[in-house]
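Engineer: For reference, the structure I am asking about is given below.
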Amino acid sequence: MSLSLLGADDPAPFLLFPETQPSPFVLVSDHAGKAVPKALEFLGVGEPDWHRHIAWDIGIVGVGRFLRDLLGSPLIEQVYSRLVIDCNRAPGHPTSMPHVSDGTHVPGNSEAPVHCRARREREILHPYHDAIAEVLAERTLRPTALIALHSFTPEMTGVRRPWQIGILHHKDSRMARVMIDTLRAEGDLCVGDNEPYVLTDTNEYTVPRHAEANGLPYLEIELRQDLIADEEGQRAWAERLARLLPQVWETLAA
């Protein structure tokens with residue numbers, strides 16, 4: 001049996017879009033893609049489920065790329081599905097290879113031998129986070145904020161979620177507090193403060209590892225998926241964020 005998970009025809013684990021103009025922001029998308037290594041045969045999950053939120057953060061690819069174009073910021077995208085390995089979970093985290101996701105059984109995870117996790121981490125998770133670390137390391141002499149882009153399903157376990165955007169934060173809430181106030185001042189938004197998820201050291205990985213551990217300001221942004229399901233919505237939210245992020249940065253630096 002091959003020791004490698006990814007074959008010659010499988011895509012690389014991340015996409016890196018370099019900075020095109022000076023920007024304090026580094027954009028990352030942990031759940032941008034929904035690729036599956038051919039060797040895993042779609043994990044035994046039916047085709048319709050690969051279009052659901054369980055496979056990826058719907059709409060966030062478009063938002064991230066529009067935002068990158070507007071700001072000129074570097075953008076690092078994860079290419080593989082969160083069902084293969086959740087790159088916003090620490091290595092070995094029990095939910096990083098879910099056996100069941102929002103009611104959908106994932107046989108390729110529940111029946112996988114123990115060594116499969118290590119292969120997925122080695123070939124997908126670690127290269128993605130190494131790329132983020134490298135981009136940040138190149139900016140050590142420049143003021144930098146990490147902007148983690150996510151999207152969330154409008155309904156979970158039968159409960160509707162009213163927030164159009166949520167801002168997650170944990171030990172360092174400097175930038176989050178300014179962003180929440182700025183968003184609420186827009187006058188047309190229902191803004192979640194650590195909603196619909198709560199950021200902690202144990203249930204998240206990207207922000208704790210790359211931002212909080214290095215003293216970098218950050219935002220973890222969650223956008224409701226029905227608002228960014230098409231190009232019009234993606235562009236509109238990217239334009240809004242491209243307008244507000246520099247304001248937040250200037251307020252933070254004042």
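How things are named: the first chain in the structure tokens is A, the next is B, and so on; residues count from 1 in each chain; ligands count from 1 in the order shown.
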Give one line per residue of stretch 74-176 of chain A that approaches stretch 202-205 of chain A to at most 8 Å, naming the two atoms of the closest pair and their distance in Å to one decimal, counting only C-alpha atoms; sort by chain then ascending residue number and deliver it as a tab-separated table.
Structural biologist:
residue	atom	partner	partner_atom	distance
A:Cys87	CA	A:Tyr205	CA	7.6
A:Asn88	CA	A:Tyr205	CA	4.8
A:Arg89	CA	A:Tyr205	CA	4.9
A:Ala90	CA	A:Tyr205	CA	5.2
Engineer: Could you write those residues out with N, CA, C and O atoms, as an mmCIF file, in the first residue's frame?
Structural biologist:
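Result file again11.cif:
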data_model
loop_
_atom_site.group_PDB
_atom_site.id
_atom_site.type_symbol
_atom_site.label_atom_id
_atom_site.label_comp_id
_atom_site.auth_asym_id
_atom_site.auth_seq_id
_atom_site.Cartn_x
_atom_site.Cartn_y
_atom_site.Cartn_z
ATOM 1 N N CYS A 87 -9.093 21.663 8.587
ATOM 2 C CA CYS A 87 -7.840 22.394 8.812
ATOM 3 C C CYS A 87 -7.996 23.523 9.818
ATOM 4 O O CYS A 87 -7.028 24.263 10.049
ATOM 5 N N ASN A 88 -9.160 23.653 10.426
ATOM 6 C CA ASN A 88 -9.315 24.573 11.559
ATOM 7 C C ASN A 88 -9.433 23.793 12.864
ATOM 8 O O ASN A 88 -10.036 24.255 13.826
ATOM 9 N N ARG A 89 -8.859 22.610 12.874
ATOM 10 C CA ARG A 89 -8.770 21.794 14.079
ATOM 11 C C ARG A 89 -7.317 21.377 14.264
ATOM 12 O O ARG A 89 -6.617 21.081 13.281
ATOM 13 N N ALA A 90 -6.879 21.313 15.499
ATOM 14 C CA ALA A 90 -5.506 20.926 15.793
ATOM 15 C C ALA A 90 -5.267 19.475 15.395
ATOM 16 O O ALA A 90 -6.203 18.656 15.383
#
Engineer: Residues near A:Pro208, anyone? I mean within 10 Å using only C-alpha atoms, not counting same-chain ones fewer than 4 positions away, as a PyMOL selection string.
Structural biologist: chain A and resi 88+90+169-172+199-204+212-215+218
Engineer: Next, dump the selected residues to file, keeping only N, CA, C and O atoms, as a PDB file, in the first residue's frame.
Structural biologist:
ATOM      1  N   ASN A  88      -9.160  23.653  10.426  1.00  0.00           N
ATOM      2  CA  ASN A  88      -9.315  24.573  11.559  1.00  0.00           C
ATOM      3  C   ASN A  88      -9.433  23.793  12.864  1.00  0.00           C
ATOM      4  O   ASN A  88     -10.036  24.255  13.826  1.00  0.00           O
ATOM      5  N   ALA A  90      -6.879  21.313  15.499  1.00  0.00           N
ATOM      6  CA  ALA A  90      -5.506  20.926  15.793  1.00  0.00           C
ATOM      7  C   ALA A  90      -5.267  19.475  15.395  1.00  0.00           C
ATOM      8  O   ALA A  90      -6.203  18.656  15.383  1.00  0.00           O
ATOM      9  N   HIS A 169     -13.907  35.689  18.536  1.00  0.00           N
ATOM     10  CA  HIS A 169     -12.686  36.156  19.195  1.00  0.00           C
ATOM     11  C   HIS A 169     -12.509  35.387  20.492  1.00  0.00           C
ATOM     12  O   HIS A 169     -13.428  34.732  20.983  1.00  0.00           O
ATOM     13  N   HIS A 170     -11.303  35.485  21.055  1.00  0.00           N
ATOM     14  CA  HIS A 170     -11.003  34.691  22.258  1.00  0.00           C
ATOM     15  C   HIS A 170     -10.139  35.512  23.215  1.00  0.00           C
ATOM     16  O   HIS A 170     -10.630  36.442  23.842  1.00  0.00           O
ATOM     17  N   LYS A 171      -8.853  35.233  23.299  1.00  0.00           N
ATOM     18  CA  LYS A 171      -7.994  35.909  24.270  1.00  0.00           C
ATOM     19  C   LYS A 171      -7.747  37.366  23.897  1.00  0.00           C
ATOM     20  O   LYS A 171      -7.593  38.216  24.778  1.00  0.00           O
ATOM     21  N   ASP A 172      -7.657  37.620  22.619  1.00  0.00           N
ATOM     22  CA  ASP A 172      -7.387  38.969  22.131  1.00  0.00           C
ATOM     23  C   ASP A 172      -8.612  39.461  21.372  1.00  0.00           C
ATOM     24  O   ASP A 172      -8.872  39.025  20.255  1.00  0.00           O
ATOM     25  N   LEU A 199     -15.098  30.961  19.679  1.00  0.00           N
ATOM     26  CA  LEU A 199     -13.695  30.649  19.411  1.00  0.00           C
ATOM     27  C   LEU A 199     -12.985  30.299  20.716  1.00  0.00           C
ATOM     28  O   LEU A 199     -13.009  31.069  21.677  1.00  0.00           O
ATOM     29  N   THR A 200     -12.342  29.124  20.745  1.00  0.00           N
ATOM     30  CA  THR A 200     -11.531  28.726  21.896  1.00  0.00           C
ATOM     31  C   THR A 200     -10.249  28.068  21.399  1.00  0.00           C
ATOM     32  O   THR A 200     -10.098  27.781  20.209  1.00  0.00           O
ATOM     33  N   ASP A 201      -9.341  27.809  22.334  1.00  0.00           N
ATOM     34  CA  ASP A 201      -8.097  27.119  21.982  1.00  0.00           C
ATOM     35  C   ASP A 201      -8.330  25.681  21.557  1.00  0.00           C
ATOM     36  O   ASP A 201      -7.519  25.108  20.831  1.00  0.00           O
ATOM     37  N   THR A 202      -9.419  25.088  22.016  1.00  0.00           N
ATOM     38  CA  THR A 202      -9.633  23.658  21.770  1.00  0.00           C
ATOM     39  C   THR A 202     -10.513  23.380  20.555  1.00  0.00           C
ATOM     40  O   THR A 202     -10.371  22.337  19.930  1.00  0.00           O
ATOM     41  N   ASN A 203     -11.422  24.285  20.224  1.00  0.00           N
ATOM     42  CA  ASN A 203     -12.308  23.993  19.090  1.00  0.00           C
ATOM     43  C   ASN A 203     -11.876  24.679  17.798  1.00  0.00           C
ATOM     44  O   ASN A 203     -12.529  24.536  16.773  1.00  0.00           O
ATOM     45  N   GLU A 204     -10.782  25.453  17.846  1.00  0.00           N
ATOM     46  CA  GLU A 204     -10.257  26.102  16.649  1.00  0.00           C
ATOM     47  C   GLU A 204      -8.735  25.957  16.650  1.00  0.00           C
ATOM     48  O   GLU A 204      -8.121  25.658  17.679  1.00  0.00           O
ATOM     49  N   GLU A 212      -3.052  34.497  17.848  1.00  0.00           N
ATOM     50  CA  GLU A 212      -2.927  34.704  19.292  1.00  0.00           C
ATOM     51  C   GLU A 212      -1.565  34.259  19.824  1.00  0.00           C
ATOM     52  O   GLU A 212      -0.999  34.905  20.710  1.00  0.00           O
ATOM     53  N   ALA A 213      -1.027  33.179  19.282  1.00  0.00           N
ATOM     54  CA  ALA A 213       0.280  32.713  19.763  1.00  0.00           C
ATOM     55  C   ALA A 213       1.404  33.681  19.400  1.00  0.00           C
ATOM     56  O   ALA A 213       2.459  33.683  20.045  1.00  0.00           O
ATOM     57  N   ASN A 214       1.177  34.508  18.376  1.00  0.00           N
ATOM     58  CA  ASN A 214       2.215  35.436  17.914  1.00  0.00           C
ATOM     59  C   ASN A 214       1.888  36.892  18.215  1.00  0.00           C
ATOM     60  O   ASN A 214       2.596  37.796  17.752  1.00  0.00           O
ATOM     61  N   GLY A 215       0.823  37.121  18.985  1.00  0.00           N
ATOM     62  CA  GLY A 215       0.470  38.482  19.355  1.00  0.00           C
ATOM     63  C   GLY A 215      -0.048  39.325  18.210  1.00  0.00           C
ATOM     64  O   GLY A 215      -0.007  40.555  18.279  1.00  0.00           O
ATOM     65  N   TYR A 218      -6.364  40.084  14.949  1.00  0.00           N
ATOM     66  CA  TYR A 218      -7.038  39.198  14.003  1.00  0.00           C
ATOM     67  C   TYR A 218      -8.538  39.436  14.024  1.00  0.00           C
ATOM     68  O   TYR A 218      -9.091  40.021  14.967  1.00  0.00           O
TER      69      TYR A 218
END
Engineer: Taking a cut-off of 6 Å and counting only C-alpha atoms, can you build a table that, for each residue of stretch 41-148 of chain A near stretch 225-243 of chain A, reports the nearest atom pair and how far apart they are in Å (one decimal), sorted by chain then residue number, as a Markdown table?
Structural biologist:
| residue | atom | partner | partner_atom | distance |
| --- | --- | --- | --- | --- |
| A:Ile58 | CA | A:Gln225 | CA | 5.9 |
| A:Gly59 | CA | A:Ile228 | CA | 5.1 |
| A:Gly62 | CA | A:Gln234 | CA | 5.7 |
| A:Val63 | CA | A:Gln234 | CA | 4.7 |
| A:Phe66 | CA | A:Ala238 | CA | 5.8 |
| A:Leu67 | CA | A:Ala238 | CA | 4.8 |
Engineer: Please return, as an MDAnalysis selection string, all residues of stretch 65-232 of chain A that DSSP assigns to strand (DSSP E or B) on the basis of the backbone.
Structural biologist: chainID A and resid 75:78 80 100:101 104:105 145:152 155:156 159:160 165:168 191:193 218:224
Engineer: Using only C-alpha atoms, can you tell me which of A:Ala253, A:Glu186, A:Gly92, A:Pro11 comes closest to A:His115?
Structural biologist: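 Closest to A:His115, using only C-alpha atoms: A:Gly92.
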Engineer: Give the alpha helix (DSSP H) residues of stretch 19-249 of chain A, as assigned by DSSP on the backbone, as a PyMOL selection string.
Structural biologist: chain A and resi 60-71+107-110+115-120+126-137+174-184+206+231-249
